[in-house]
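So this one's input27.txt, compact mmCIF, N, CA and C atoms:
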```
# COMPACT_ATOMS: atom_id res chain seq x y z
N MET F 1 125.65 30.59 99.77
CA MET F 1 125.01 31.82 100.15
C MET F 1 123.96 32.17 99.08
N PRO F 2 122.75 32.50 99.46
CA PRO F 2 121.71 32.81 98.48
C PRO F 2 121.98 34.13 97.78
N ALA F 3 121.45 34.26 96.58
CA ALA F 3 121.61 35.49 95.80
C ALA F 3 120.85 36.63 96.45
N VAL F 4 121.35 37.84 96.22
CA VAL F 4 120.64 39.04 96.64
C VAL F 4 119.43 39.17 95.73
N ARG F 5 118.30 39.53 96.28
CA ARG F 5 117.11 39.70 95.45
C ARG F 5 117.25 41.00 94.66
N VAL F 6 117.23 40.88 93.33
CA VAL F 6 117.35 42.06 92.47
C VAL F 6 115.94 42.62 92.29
N GLY F 7 115.59 43.53 93.17
CA GLY F 7 114.27 44.15 93.15
C GLY F 7 114.40 45.64 92.88
N THR F 8 113.32 46.34 93.10
CA THR F 8 113.26 47.77 92.82
C THR F 8 114.29 48.56 93.61
N ALA F 9 114.44 48.27 94.89
CA ALA F 9 115.39 49.02 95.73
C ALA F 9 116.82 48.89 95.21
N LEU F 10 117.21 47.68 94.83
CA LEU F 10 118.57 47.47 94.32
C LEU F 10 118.75 48.16 92.97
N ARG F 11 117.76 48.11 92.12
CA ARG F 11 117.85 48.79 90.82
C ARG F 11 117.96 50.31 90.99
N VAL F 12 117.22 50.87 91.95
CA VAL F 12 117.31 52.31 92.22
C VAL F 12 118.71 52.64 92.73
N PHE F 13 119.25 51.82 93.63
CA PHE F 13 120.61 52.04 94.13
C PHE F 13 121.60 52.03 92.98
N TRP F 14 121.49 51.05 92.08
CA TRP F 14 122.41 50.97 90.94
C TRP F 14 122.31 52.23 90.08
N ARG F 15 121.10 52.72 89.84
CA ARG F 15 120.90 53.91 89.01
C ARG F 15 121.54 55.14 89.68
N VAL F 16 121.32 55.31 90.97
CA VAL F 16 121.89 56.44 91.70
C VAL F 16 123.42 56.34 91.73
N HIS F 17 123.93 55.14 91.92
CA HIS F 17 125.38 54.94 91.96
C HIS F 17 126.01 55.30 90.61
N ARG F 18 125.38 54.90 89.50
CA ARG F 18 125.89 55.26 88.17
C ARG F 18 125.92 56.78 88.00
N MET F 19 124.85 57.44 88.42
CA MET F 19 124.77 58.89 88.31
C MET F 19 125.89 59.55 89.13
N PHE F 20 126.11 59.06 90.35
CA PHE F 20 127.16 59.58 91.22
C PHE F 20 128.53 59.39 90.56
N MET F 21 128.75 58.22 89.98
CA MET F 21 130.04 57.95 89.32
C MET F 21 130.26 58.91 88.16
N ARG F 22 129.23 59.16 87.37
CA ARG F 22 129.36 60.11 86.26
C ARG F 22 129.67 61.52 86.77
N LEU F 23 128.92 61.96 87.79
CA LEU F 23 129.09 63.31 88.32
C LEU F 23 130.48 63.54 88.92
N THR F 24 131.06 62.52 89.53
CA THR F 24 132.37 62.66 90.18
C THR F 24 133.52 62.24 89.28
N GLY F 25 133.23 61.85 88.05
CA GLY F 25 134.29 61.40 87.16
C GLY F 25 134.92 60.11 87.61
N GLY F 26 134.17 59.31 88.38
CA GLY F 26 134.69 58.03 88.86
C GLY F 26 135.71 58.17 89.97
N ARG F 27 135.77 59.32 90.61
CA ARG F 27 136.78 59.54 91.66
C ARG F 27 136.40 58.97 93.02
N PHE F 28 135.11 58.86 93.30
CA PHE F 28 134.70 58.51 94.65
C PHE F 28 133.79 57.29 94.74
N GLY F 29 133.77 56.46 93.73
CA GLY F 29 132.86 55.32 93.75
C GLY F 29 133.38 54.16 94.58
N ARG F 30 132.56 53.73 95.52
CA ARG F 30 132.87 52.55 96.33
C ARG F 30 131.56 51.87 96.64
N THR F 31 131.64 50.57 96.83
CA THR F 31 130.51 49.81 97.38
C THR F 31 131.09 48.98 98.49
N GLY F 32 130.78 49.34 99.70
CA GLY F 32 131.40 48.65 100.84
C GLY F 32 132.88 48.98 100.88
N THR F 33 133.70 47.96 100.99
CA THR F 33 135.14 48.18 101.09
C THR F 33 135.84 48.17 99.73
N LEU F 34 135.13 47.79 98.68
CA LEU F 34 135.75 47.69 97.36
C LEU F 34 135.54 48.96 96.53
N PRO F 35 136.57 49.35 95.77
CA PRO F 35 136.40 50.48 94.87
C PRO F 35 135.48 50.09 93.71
N ALA F 36 134.96 51.11 93.03
CA ALA F 36 134.06 50.86 91.90
C ALA F 36 134.52 51.65 90.69
N LEU F 37 134.18 51.14 89.52
CA LEU F 37 134.43 51.83 88.27
C LEU F 37 133.15 51.83 87.45
N LEU F 38 133.09 52.68 86.46
CA LEU F 38 131.94 52.73 85.57
C LEU F 38 132.37 52.14 84.24
N LEU F 39 131.75 51.04 83.86
CA LEU F 39 132.04 50.37 82.59
C LEU F 39 130.99 50.77 81.58
N THR F 40 131.43 51.18 80.39
CA THR F 40 130.52 51.51 79.29
C THR F 40 130.72 50.47 78.19
N THR F 41 129.64 49.81 77.81
CA THR F 41 129.66 48.83 76.73
C THR F 41 128.64 49.27 75.67
N ARG F 42 128.64 48.58 74.55
CA ARG F 42 127.62 48.77 73.51
C ARG F 42 126.58 47.68 73.66
N GLY F 43 125.31 48.06 73.67
CA GLY F 43 124.24 47.09 73.76
C GLY F 43 124.29 46.13 72.58
N ARG F 44 124.24 44.84 72.84
CA ARG F 44 124.38 43.85 71.77
C ARG F 44 123.21 43.88 70.80
N LYS F 45 122.05 44.34 71.24
CA LYS F 45 120.89 44.43 70.36
C LYS F 45 120.66 45.86 69.88
N SER F 46 120.75 46.82 70.80
CA SER F 46 120.44 48.22 70.46
C SER F 46 121.61 48.96 69.84
N GLY F 47 122.84 48.56 70.19
CA GLY F 47 124.02 49.29 69.74
C GLY F 47 124.27 50.57 70.51
N GLU F 48 123.42 50.85 71.50
CA GLU F 48 123.56 52.07 72.29
C GLU F 48 124.54 51.86 73.45
N ALA F 49 125.14 52.97 73.91
CA ALA F 49 126.05 52.91 75.05
C ALA F 49 125.28 52.53 76.30
N ARG F 50 125.84 51.61 77.08
CA ARG F 50 125.23 51.16 78.34
C ARG F 50 126.29 51.25 79.43
N ASP F 51 125.92 51.86 80.55
CA ASP F 51 126.83 52.01 81.69
C ASP F 51 126.43 51.09 82.82
N VAL F 52 127.43 50.58 83.52
CA VAL F 52 127.19 49.79 84.72
C VAL F 52 128.34 50.07 85.69
N THR F 53 128.01 50.17 86.96
CA THR F 53 129.01 50.36 88.00
C THR F 53 129.40 48.99 88.52
N LEU F 54 130.71 48.73 88.57
CA LEU F 54 131.22 47.42 89.00
C LEU F 54 132.30 47.60 90.06
N ASN F 55 132.32 46.68 91.01
CA ASN F 55 133.43 46.62 91.95
C ASN F 55 134.61 46.00 91.23
N TYR F 56 135.80 46.37 91.65
CA TYR F 56 136.99 45.83 90.99
C TYR F 56 138.15 45.71 91.95
N LEU F 57 139.12 44.92 91.53
CA LEU F 57 140.43 44.82 92.15
C LEU F 57 141.43 45.08 91.03
N THR F 58 142.66 45.37 91.37
CA THR F 58 143.68 45.53 90.34
C THR F 58 144.67 44.37 90.41
N ALA F 59 145.15 43.99 89.25
CA ALA F 59 146.20 42.98 89.13
C ALA F 59 147.19 43.52 88.12
N ARG F 60 148.32 43.99 88.61
CA ARG F 60 149.29 44.71 87.80
C ARG F 60 148.62 45.90 87.16
N ASP F 61 148.49 45.93 85.84
CA ASP F 61 147.87 47.08 85.18
C ASP F 61 146.47 46.75 84.66
N ALA F 62 145.83 45.74 85.22
CA ALA F 62 144.51 45.32 84.76
C ALA F 62 143.46 45.52 85.85
N PHE F 63 142.23 45.73 85.41
CA PHE F 63 141.09 45.77 86.32
C PHE F 63 140.45 44.39 86.33
N VAL F 64 140.22 43.86 87.50
CA VAL F 64 139.53 42.59 87.65
C VAL F 64 138.18 42.91 88.26
N VAL F 65 137.11 42.72 87.48
CA VAL F 65 135.77 43.08 87.94
C VAL F 65 135.03 41.85 88.44
N ILE F 66 134.06 42.10 89.26
CA ILE F 66 133.22 41.03 89.79
C ILE F 66 132.03 40.88 88.85
N GLY F 67 131.95 39.75 88.17
CA GLY F 67 130.94 39.55 87.13
C GLY F 67 129.76 38.73 87.60
N SER F 68 128.82 39.39 88.26
CA SER F 68 127.61 38.67 88.66
C SER F 68 126.42 39.60 88.54
N TYR F 69 125.26 39.03 88.59
CA TYR F 69 124.03 39.80 88.57
C TYR F 69 123.38 39.62 89.93
N GLY F 70 123.98 40.23 90.94
CA GLY F 70 123.48 40.10 92.30
C GLY F 70 123.56 38.68 92.83
N GLY F 71 124.46 37.88 92.28
CA GLY F 71 124.61 36.49 92.73
C GLY F 71 123.64 35.53 92.06
N GLU F 72 122.84 36.01 91.12
CA GLU F 72 121.89 35.13 90.44
C GLU F 72 122.62 34.18 89.50
N ASP F 73 121.95 33.13 89.12
CA ASP F 73 122.52 32.10 88.26
C ASP F 73 122.32 32.44 86.78
N ARG F 74 122.83 33.61 86.38
CA ARG F 74 122.78 34.03 84.98
C ARG F 74 123.83 35.11 84.77
N ASP F 75 124.23 35.26 83.51
CA ASP F 75 125.23 36.28 83.19
C ASP F 75 124.58 37.66 83.20
N PRO F 76 125.32 38.67 83.69
CA PRO F 76 124.79 40.03 83.63
C PRO F 76 124.79 40.54 82.19
N ALA F 77 123.92 41.50 81.90
CA ALA F 77 123.79 42.04 80.54
C ALA F 77 125.10 42.66 80.06
N TRP F 78 125.84 43.33 80.95
CA TRP F 78 127.09 43.95 80.52
C TRP F 78 128.07 42.91 80.01
N TRP F 79 128.06 41.72 80.58
CA TRP F 79 128.95 40.64 80.12
C TRP F 79 128.52 40.17 78.73
N ARG F 80 127.23 39.98 78.54
CA ARG F 80 126.74 39.56 77.22
C ARG F 80 127.04 40.63 76.18
N ASN F 81 126.98 41.90 76.57
CA ASN F 81 127.34 42.98 75.64
C ASN F 81 128.82 42.91 75.26
N LEU F 82 129.69 42.63 76.23
CA LEU F 82 131.12 42.53 75.94
C LEU F 82 131.45 41.32 75.08
N VAL F 83 130.73 40.23 75.27
CA VAL F 83 130.95 39.05 74.43
C VAL F 83 130.61 39.40 72.98
N ALA F 84 129.51 40.13 72.77
CA ALA F 84 129.08 40.51 71.42
C ALA F 84 129.99 41.59 70.81
N ASN F 85 130.47 42.51 71.64
CA ASN F 85 131.32 43.60 71.18
C ASN F 85 132.39 43.84 72.25
N PRO F 86 133.57 43.22 72.10
CA PRO F 86 134.57 43.21 73.19
C PRO F 86 135.33 44.50 73.40
N GLU F 87 134.78 45.63 73.01
CA GLU F 87 135.42 46.90 73.30
C GLU F 87 134.55 47.70 74.26
N GLY F 88 135.18 48.33 75.22
CA GLY F 88 134.44 49.13 76.18
C GLY F 88 135.34 50.23 76.72
N ARG F 89 134.79 50.98 77.67
CA ARG F 89 135.54 52.04 78.34
C ARG F 89 135.25 51.95 79.83
N VAL F 90 136.22 52.36 80.62
CA VAL F 90 135.97 52.48 82.06
C VAL F 90 136.25 53.91 82.47
N LEU F 91 135.49 54.37 83.45
CA LEU F 91 135.70 55.66 84.09
C LEU F 91 136.08 55.34 85.52
N VAL F 92 137.32 55.69 85.87
CA VAL F 92 137.82 55.38 87.20
C VAL F 92 138.89 56.40 87.57
N GLY F 93 138.82 56.90 88.79
CA GLY F 93 139.83 57.84 89.27
C GLY F 93 139.97 59.09 88.41
N GLY F 94 138.89 59.54 87.81
CA GLY F 94 138.93 60.73 86.97
C GLY F 94 139.46 60.48 85.56
N LYS F 95 139.74 59.24 85.22
CA LYS F 95 140.28 58.91 83.90
C LYS F 95 139.30 58.01 83.15
N ARG F 96 139.23 58.21 81.84
CA ARG F 96 138.43 57.35 80.97
C ARG F 96 139.42 56.55 80.13
N LEU F 97 139.31 55.23 80.24
CA LEU F 97 140.26 54.33 79.57
C LEU F 97 139.53 53.33 78.69
N ARG F 98 140.15 52.99 77.56
CA ARG F 98 139.61 51.92 76.70
C ARG F 98 140.00 50.57 77.28
N VAL F 99 139.06 49.66 77.21
CA VAL F 99 139.33 48.28 77.69
C VAL F 99 138.85 47.29 76.65
```

Would you encode the structure as structure tokens?
Amino acid sequence: MPAVRVGTALRVFWRVHRMFMRLTGGRFGRTGTLPALLLTTRGRKSGEARDVTLNYLTARDAFVVIGSYGGEDRDPAWWRNLVANPEGRVLVGGKRLRV
């Protein structure tokens, strides 16, 4: 299956979705049939907090996120940030948790 084209429309959707997740405390985030969470990482170069909305599944007490950049053949920036600094936070269901 070909990758989704990551263009302006998709980037705007991602920005609006992040804003919605922040405003609702992560209580109502979904993309399609999958629930969503807001992951906050530290930028590997800037050191600044970076948020990304990700779809997830649960496995026991863990979040399993879908790690892609719209299906493109490269790692998403949030993954590279976690490799450089493996501490983050998630906002999901009104709770903020360390991961």

Open item on the list: Just to confirm, what's the straight-line distance from atom CA of F:Arg98 to atom CA of F:Asp75 in Å (one decimal)?
Closed with: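 Those two atoms sit 22.2 Å apart.
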
- [ ] Anything within 6 Å of (132.5, 46.1, 91.3): list those residues as a ChimeraX atom specification, counting only C-alpha atoms and sticking to the file's coordinates.
- [x] /F:36,54-56,65-66

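Pairwise distance (atom CA of F:Gly94, atom CA of F:Leu82) equals 22.7 Å.
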
F:Phe63: which residues within 12 Å, counting only C-alpha atoms, same-chain residues fewer than 3 positions away excluded, as a CSV table (one decimal) with N, CA and C atoms, keeping the file's coordinate frame?
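Generated output (result-v8.csv):
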```csv
chain,number,residue,atom,x,y,z
F,35,PRO,N,136.6,49.4,95.8
F,35,PRO,CA,136.4,50.5,94.9
F,35,PRO,C,135.5,50.1,93.7
F,36,ALA,N,135.0,51.1,93.0
F,36,ALA,CA,134.1,50.9,91.9
F,36,ALA,C,134.5,51.6,90.7
F,37,LEU,N,134.2,51.1,89.5
F,37,LEU,CA,134.4,51.8,88.3
F,37,LEU,C,133.2,51.8,87.4
F,38,LEU,N,133.1,52.7,86.5
F,38,LEU,CA,131.9,52.7,85.6
F,38,LEU,C,132.4,52.1,84.2
F,39,LEU,N,131.8,51.0,83.9
F,39,LEU,CA,132.0,50.4,82.6
F,39,LEU,C,131.0,50.8,81.6
F,54,LEU,N,130.7,48.7,88.6
F,54,LEU,CA,131.2,47.4,89.0
F,54,LEU,C,132.3,47.6,90.1
F,55,ASN,N,132.3,46.7,91.0
F,55,ASN,CA,133.4,46.6,92.0
F,55,ASN,C,134.6,46.0,91.2
F,56,TYR,N,135.8,46.4,91.6
F,56,TYR,CA,137.0,45.8,91.0
F,56,TYR,C,138.2,45.7,92.0
F,57,LEU,N,139.1,44.9,91.5
F,57,LEU,CA,140.4,44.8,92.2
F,57,LEU,C,141.4,45.1,91.0
F,58,THR,N,142.7,45.4,91.4
F,58,THR,CA,143.7,45.5,90.3
F,58,THR,C,144.7,44.4,90.4
F,59,ALA,N,145.2,44.0,89.2
F,59,ALA,CA,146.2,43.0,89.1
F,59,ALA,C,147.2,43.5,88.1
F,60,ARG,N,148.3,44.0,88.6
F,60,ARG,CA,149.3,44.7,87.8
F,60,ARG,C,148.6,45.9,87.2
F,66,ILE,N,134.1,42.1,89.3
F,66,ILE,CA,133.2,41.0,89.8
F,66,ILE,C,132.0,40.9,88.8
F,67,GLY,N,132.0,39.8,88.2
F,67,GLY,CA,130.9,39.6,87.1
F,67,GLY,C,129.8,38.7,87.6
F,89,ARG,N,134.8,51.0,77.7
F,89,ARG,CA,135.5,52.0,78.3
F,89,ARG,C,135.2,52.0,79.8
F,90,VAL,N,136.2,52.4,80.6
F,90,VAL,CA,136.0,52.5,82.1
F,90,VAL,C,136.2,53.9,82.5
F,91,LEU,N,135.5,54.4,83.4
F,91,LEU,CA,135.7,55.7,84.1
F,91,LEU,C,136.1,55.3,85.5
F,92,VAL,N,137.3,55.7,85.9
F,92,VAL,CA,137.8,55.4,87.2
F,92,VAL,C,138.9,56.4,87.6
F,97,LEU,N,139.3,55.2,80.2
F,97,LEU,CA,140.3,54.3,79.6
F,97,LEU,C,139.5,53.3,78.7
F,98,ARG,N,140.2,53.0,77.6
F,98,ARG,CA,139.6,51.9,76.7
F,98,ARG,C,140.0,50.6,77.3
F,99,VAL,N,139.1,49.7,77.2
F,99,VAL,CA,139.3,48.3,77.7
F,99,VAL,C,138.8,47.3,76.6
```

Open item on the list: Between atom CA of F:Thr33 and atom CA of F:Arg50, what is the distance in Å, rounded to a tenth?
Closed with: 25.0 Å

Could you pull out all residues of chain F with a DSSP call of strand (DSSP E) and give them as a tab-separated table (two decimals) with N, CA and C atoms, keeping the file's coordinate frame?
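Contents of result-v8.tsv, as written:
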```
chain	number	residue	atom	x	y	z
F	30	ARG	N	132.56	53.73	95.52
F	30	ARG	CA	132.87	52.55	96.33
F	30	ARG	C	131.56	51.87	96.64
F	31	THR	N	131.64	50.57	96.83
F	31	THR	CA	130.51	49.81	97.38
F	31	THR	C	131.09	48.98	98.49
F	34	LEU	N	135.13	47.79	98.68
F	34	LEU	CA	135.75	47.69	97.36
F	34	LEU	C	135.54	48.96	96.53
F	35	PRO	N	136.57	49.35	95.77
F	35	PRO	CA	136.40	50.48	94.87
F	35	PRO	C	135.48	50.09	93.71
F	36	ALA	N	134.96	51.11	93.03
F	36	ALA	CA	134.06	50.86	91.90
F	36	ALA	C	134.52	51.65	90.69
F	37	LEU	N	134.18	51.14	89.52
F	37	LEU	CA	134.43	51.83	88.27
F	37	LEU	C	133.15	51.83	87.45
F	38	LEU	N	133.09	52.68	86.46
F	38	LEU	CA	131.94	52.73	85.57
F	38	LEU	C	132.37	52.14	84.24
F	39	LEU	N	131.75	51.04	83.86
F	39	LEU	CA	132.04	50.37	82.59
F	39	LEU	C	130.99	50.77	81.58
F	40	THR	N	131.43	51.18	80.39
F	40	THR	CA	130.52	51.51	79.29
F	40	THR	C	130.72	50.47	78.19
F	41	THR	N	129.64	49.81	77.81
F	41	THR	CA	129.66	48.83	76.73
F	41	THR	C	128.64	49.27	75.67
F	42	ARG	N	128.64	48.58	74.55
F	42	ARG	CA	127.62	48.77	73.51
F	42	ARG	C	126.58	47.68	73.66
F	49	ALA	N	125.14	52.97	73.91
F	49	ALA	CA	126.05	52.91	75.05
F	49	ALA	C	125.28	52.53	76.30
F	50	ARG	N	125.84	51.61	77.08
F	50	ARG	CA	125.23	51.16	78.34
F	50	ARG	C	126.29	51.25	79.43
F	51	ASP	N	125.92	51.86	80.55
F	51	ASP	CA	126.83	52.01	81.69
F	51	ASP	C	126.43	51.09	82.82
F	52	VAL	N	127.43	50.58	83.52
F	52	VAL	CA	127.19	49.79	84.72
F	52	VAL	C	128.34	50.07	85.69
F	53	THR	N	128.01	50.17	86.96
F	53	THR	CA	129.01	50.36	88.00
F	53	THR	C	129.40	48.99	88.52
F	54	LEU	N	130.71	48.73	88.57
F	54	LEU	CA	131.22	47.42	89.00
F	54	LEU	C	132.30	47.60	90.06
F	55	ASN	N	132.32	46.68	91.01
F	55	ASN	CA	133.43	46.62	91.95
F	55	ASN	C	134.61	46.00	91.23
F	56	TYR	N	135.80	46.37	91.65
F	56	TYR	CA	136.99	45.83	90.99
F	56	TYR	C	138.15	45.71	91.95
F	57	LEU	N	139.12	44.92	91.53
F	57	LEU	CA	140.43	44.82	92.15
F	57	LEU	C	141.43	45.08	91.03
F	58	THR	N	142.66	45.37	91.37
F	58	THR	CA	143.68	45.53	90.34
F	58	THR	C	144.67	44.37	90.41
F	59	ALA	N	145.15	43.99	89.25
F	59	ALA	CA	146.20	42.98	89.13
F	59	ALA	C	147.19	43.52	88.12
F	62	ALA	N	145.83	45.74	85.22
F	62	ALA	CA	144.51	45.32	84.76
F	62	ALA	C	143.46	45.52	85.85
F	63	PHE	N	142.23	45.73	85.41
F	63	PHE	CA	141.09	45.77	86.32
F	63	PHE	C	140.45	44.39	86.33
F	64	VAL	N	140.22	43.86	87.50
F	64	VAL	CA	139.53	42.59	87.65
F	64	VAL	C	138.18	42.91	88.26
F	65	VAL	N	137.11	42.72	87.48
F	65	VAL	CA	135.77	43.08	87.94
F	65	VAL	C	135.03	41.85	88.44
F	89	ARG	N	134.79	50.98	77.67
F	89	ARG	CA	135.54	52.04	78.34
F	89	ARG	C	135.25	51.95	79.83
F	90	VAL	N	136.22	52.36	80.62
F	90	VAL	CA	135.97	52.48	82.06
F	90	VAL	C	136.25	53.91	82.47
F	91	LEU	N	135.49	54.37	83.45
F	91	LEU	CA	135.70	55.66	84.09
F	91	LEU	C	136.08	55.34	85.52
F	92	VAL	N	137.32	55.69	85.87
F	92	VAL	CA	137.82	55.38	87.20
F	92	VAL	C	138.89	56.40	87.57
F	95	LYS	N	139.74	59.24	85.22
F	95	LYS	CA	140.28	58.91	83.90
F	95	LYS	C	139.30	58.01	83.15
F	96	ARG	N	139.23	58.21	81.84
F	96	ARG	CA	138.43	57.35	80.97
F	96	ARG	C	139.42	56.55	80.13
F	97	LEU	N	139.31	55.23	80.24
F	97	LEU	CA	140.26	54.33	79.57
F	97	LEU	C	139.53	53.33	78.69
F	98	ARG	N	140.15	52.99	77.56
F	98	ARG	CA	139.61	51.92	76.70
F	98	ARG	C	140.00	50.57	77.28
```

Mind checking which residues fall within 9 Å of F:Asp51, counting only C-alpha atoms, ignoring those fewer than 5 positions away in the same chain, and posting them as a PDB file with N, CA and C atoms, in the coordinates of the input?
```
ATOM      1  N   ARG F  18     125.380  54.900  89.500  1.00  0.00           N
ATOM      2  CA  ARG F  18     125.890  55.260  88.170  1.00  0.00           C
ATOM      3  C   ARG F  18     125.920  56.780  88.000  1.00  0.00           C
ATOM      4  N   LEU F  38     133.090  52.680  86.460  1.00  0.00           N
ATOM      5  CA  LEU F  38     131.940  52.730  85.570  1.00  0.00           C
ATOM      6  C   LEU F  38     132.370  52.140  84.240  1.00  0.00           C
ATOM      7  N   LEU F  39     131.750  51.040  83.860  1.00  0.00           N
ATOM      8  CA  LEU F  39     132.040  50.370  82.590  1.00  0.00           C
ATOM      9  C   LEU F  39     130.990  50.770  81.580  1.00  0.00           C
ATOM     10  N   THR F  40     131.430  51.180  80.390  1.00  0.00           N
ATOM     11  CA  THR F  40     130.520  51.510  79.290  1.00  0.00           C
ATOM     12  C   THR F  40     130.720  50.470  78.190  1.00  0.00           C
ATOM     13  N   THR F  41     129.640  49.810  77.810  1.00  0.00           N
ATOM     14  CA  THR F  41     129.660  48.830  76.730  1.00  0.00           C
ATOM     15  C   THR F  41     128.640  49.270  75.670  1.00  0.00           C
ATOM     16  N   ARG F  42     128.640  48.580  74.550  1.00  0.00           N
ATOM     17  CA  ARG F  42     127.620  48.770  73.510  1.00  0.00           C
ATOM     18  C   ARG F  42     126.580  47.680  73.660  1.00  0.00           C
ATOM     19  N   TRP F  78     125.840  43.330  80.950  1.00  0.00           N
ATOM     20  CA  TRP F  78     127.090  43.950  80.520  1.00  0.00           C
ATOM     21  C   TRP F  78     128.070  42.910  80.010  1.00  0.00           C
TER      22      TRP F  78
END
```

Task: Using only C-alpha atoms: which of F:Lys95, F:Arg44, F:Tyr69, F:Asp61 has the shortest distance to F:Val83 - done: F:Arg44

Task: Expected answer as JSON, numbers by chain: helix (DSSP H, G or I) residues in chain F - done: {"F": [8, 9, 10, 11, 12, 13, 14, 15, 16, 17, 18, 19, 20, 21, 22, 23, 24, 77, 78, 79, 80, 81, 82, 83, 84]}

Open item on the list: Ranking F:Gly43, F:Thr53, F:Leu34, F:Phe28 by minimum distance to F:Arg11 and counting only C-alpha atoms, which one comes first?
Closed with: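 Of all the options, F:Thr53 lies closest to F:Arg11.
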
Return as JSON the centre and edge lengths, in Å with one decimal, of the box along x, y and z that encloses every atom of stretch 57-68 of chain F in the file, padded by 8 Å per side.
```
{"center_x": 137.9, "center_y": 42.9, "center_z": 88.4, "size_x": 38.9, "size_y": 24.4, "size_z": 23.5}
```

Incomplete stretch 11-24 of chain F brought to N, CA, C and O atoms, written out as a PDB file, in the frame of the given file:
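What ended up in out_37.pdb:
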```pdb
ATOM      1  N   ARG F  11     117.760  48.110  92.120  1.00  0.00           N
ATOM      2  CA  ARG F  11     117.850  48.790  90.820  1.00  0.00           C
ATOM      3  C   ARG F  11     117.960  50.310  90.990  1.00  0.00           C
ATOM      4  O   ARG F  11     118.711  50.965  90.273  1.00  0.00           O
ATOM      5  N   VAL F  12     117.220  50.870  91.950  1.00  0.00           N
ATOM      6  CA  VAL F  12     117.310  52.310  92.220  1.00  0.00           C
ATOM      7  C   VAL F  12     118.710  52.640  92.730  1.00  0.00           C
ATOM      8  O   VAL F  12     119.320  53.627  92.307  1.00  0.00           O
ATOM      9  N   PHE F  13     119.250  51.820  93.630  1.00  0.00           N
ATOM     10  CA  PHE F  13     120.610  52.040  94.130  1.00  0.00           C
ATOM     11  C   PHE F  13     121.600  52.030  92.980  1.00  0.00           C
ATOM     12  O   PHE F  13     122.479  52.907  92.901  1.00  0.00           O
ATOM     13  N   TRP F  14     121.490  51.050  92.080  1.00  0.00           N
ATOM     14  CA  TRP F  14     122.410  50.970  90.940  1.00  0.00           C
ATOM     15  C   TRP F  14     122.310  52.230  90.080  1.00  0.00           C
ATOM     16  O   TRP F  14     123.312  52.762  89.632  1.00  0.00           O
ATOM     17  N   ARG F  15     121.100  52.720  89.840  1.00  0.00           N
ATOM     18  CA  ARG F  15     120.900  53.910  89.010  1.00  0.00           C
ATOM     19  C   ARG F  15     121.540  55.140  89.680  1.00  0.00           C
ATOM     20  O   ARG F  15     122.221  55.925  89.022  1.00  0.00           O
ATOM     21  N   VAL F  16     121.320  55.310  90.970  1.00  0.00           N
ATOM     22  CA  VAL F  16     121.890  56.440  91.700  1.00  0.00           C
ATOM     23  C   VAL F  16     123.420  56.340  91.730  1.00  0.00           C
ATOM     24  O   VAL F  16     124.125  57.339  91.548  1.00  0.00           O
ATOM     25  N   HIS F  17     123.930  55.140  91.920  1.00  0.00           N
ATOM     26  CA  HIS F  17     125.380  54.940  91.960  1.00  0.00           C
ATOM     27  C   HIS F  17     126.010  55.300  90.610  1.00  0.00           C
ATOM     28  O   HIS F  17     127.067  55.941  90.557  1.00  0.00           O
ATOM     29  N   ARG F  18     125.380  54.900  89.500  1.00  0.00           N
ATOM     30  CA  ARG F  18     125.890  55.260  88.170  1.00  0.00           C
ATOM     31  C   ARG F  18     125.920  56.780  88.000  1.00  0.00           C
ATOM     32  O   ARG F  18     126.893  57.332  87.486  1.00  0.00           O
ATOM     33  N   MET F  19     124.850  57.440  88.420  1.00  0.00           N
ATOM     34  CA  MET F  19     124.770  58.890  88.310  1.00  0.00           C
ATOM     35  C   MET F  19     125.890  59.550  89.130  1.00  0.00           C
ATOM     36  O   MET F  19     126.545  60.484  88.675  1.00  0.00           O
ATOM     37  N   PHE F  20     126.110  59.060  90.350  1.00  0.00           N
ATOM     38  CA  PHE F  20     127.160  59.580  91.220  1.00  0.00           C
ATOM     39  C   PHE F  20     128.530  59.390  90.560  1.00  0.00           C
ATOM     40  O   PHE F  20     129.361  60.298  90.588  1.00  0.00           O
ATOM     41  N   MET F  21     128.750  58.220  89.980  1.00  0.00           N
ATOM     42  CA  MET F  21     130.040  57.950  89.320  1.00  0.00           C
ATOM     43  C   MET F  21     130.260  58.910  88.160  1.00  0.00           C
ATOM     44  O   MET F  21     131.363  59.426  87.978  1.00  0.00           O
ATOM     45  N   ARG F  22     129.230  59.160  87.370  1.00  0.00           N
ATOM     46  CA  ARG F  22     129.360  60.110  86.260  1.00  0.00           C
ATOM     47  C   ARG F  22     129.670  61.520  86.770  1.00  0.00           C
ATOM     48  O   ARG F  22     130.551  62.202  86.239  1.00  0.00           O
ATOM     49  N   LEU F  23     128.920  61.960  87.790  1.00  0.00           N
ATOM     50  CA  LEU F  23     129.090  63.310  88.320  1.00  0.00           C
ATOM     51  C   LEU F  23     130.480  63.540  88.920  1.00  0.00           C
ATOM     52  O   LEU F  23     131.016  64.637  88.855  1.00  0.00           O
ATOM     53  N   THR F  24     131.060  62.520  89.530  1.00  0.00           N
ATOM     54  CA  THR F  24     132.370  62.660  90.180  1.00  0.00           C
ATOM     55  C   THR F  24     133.520  62.240  89.280  1.00  0.00           C
ATOM     56  O   THR F  24     134.670  62.257  89.720  1.00  0.00           O
TER      57      THR F  24
END
```
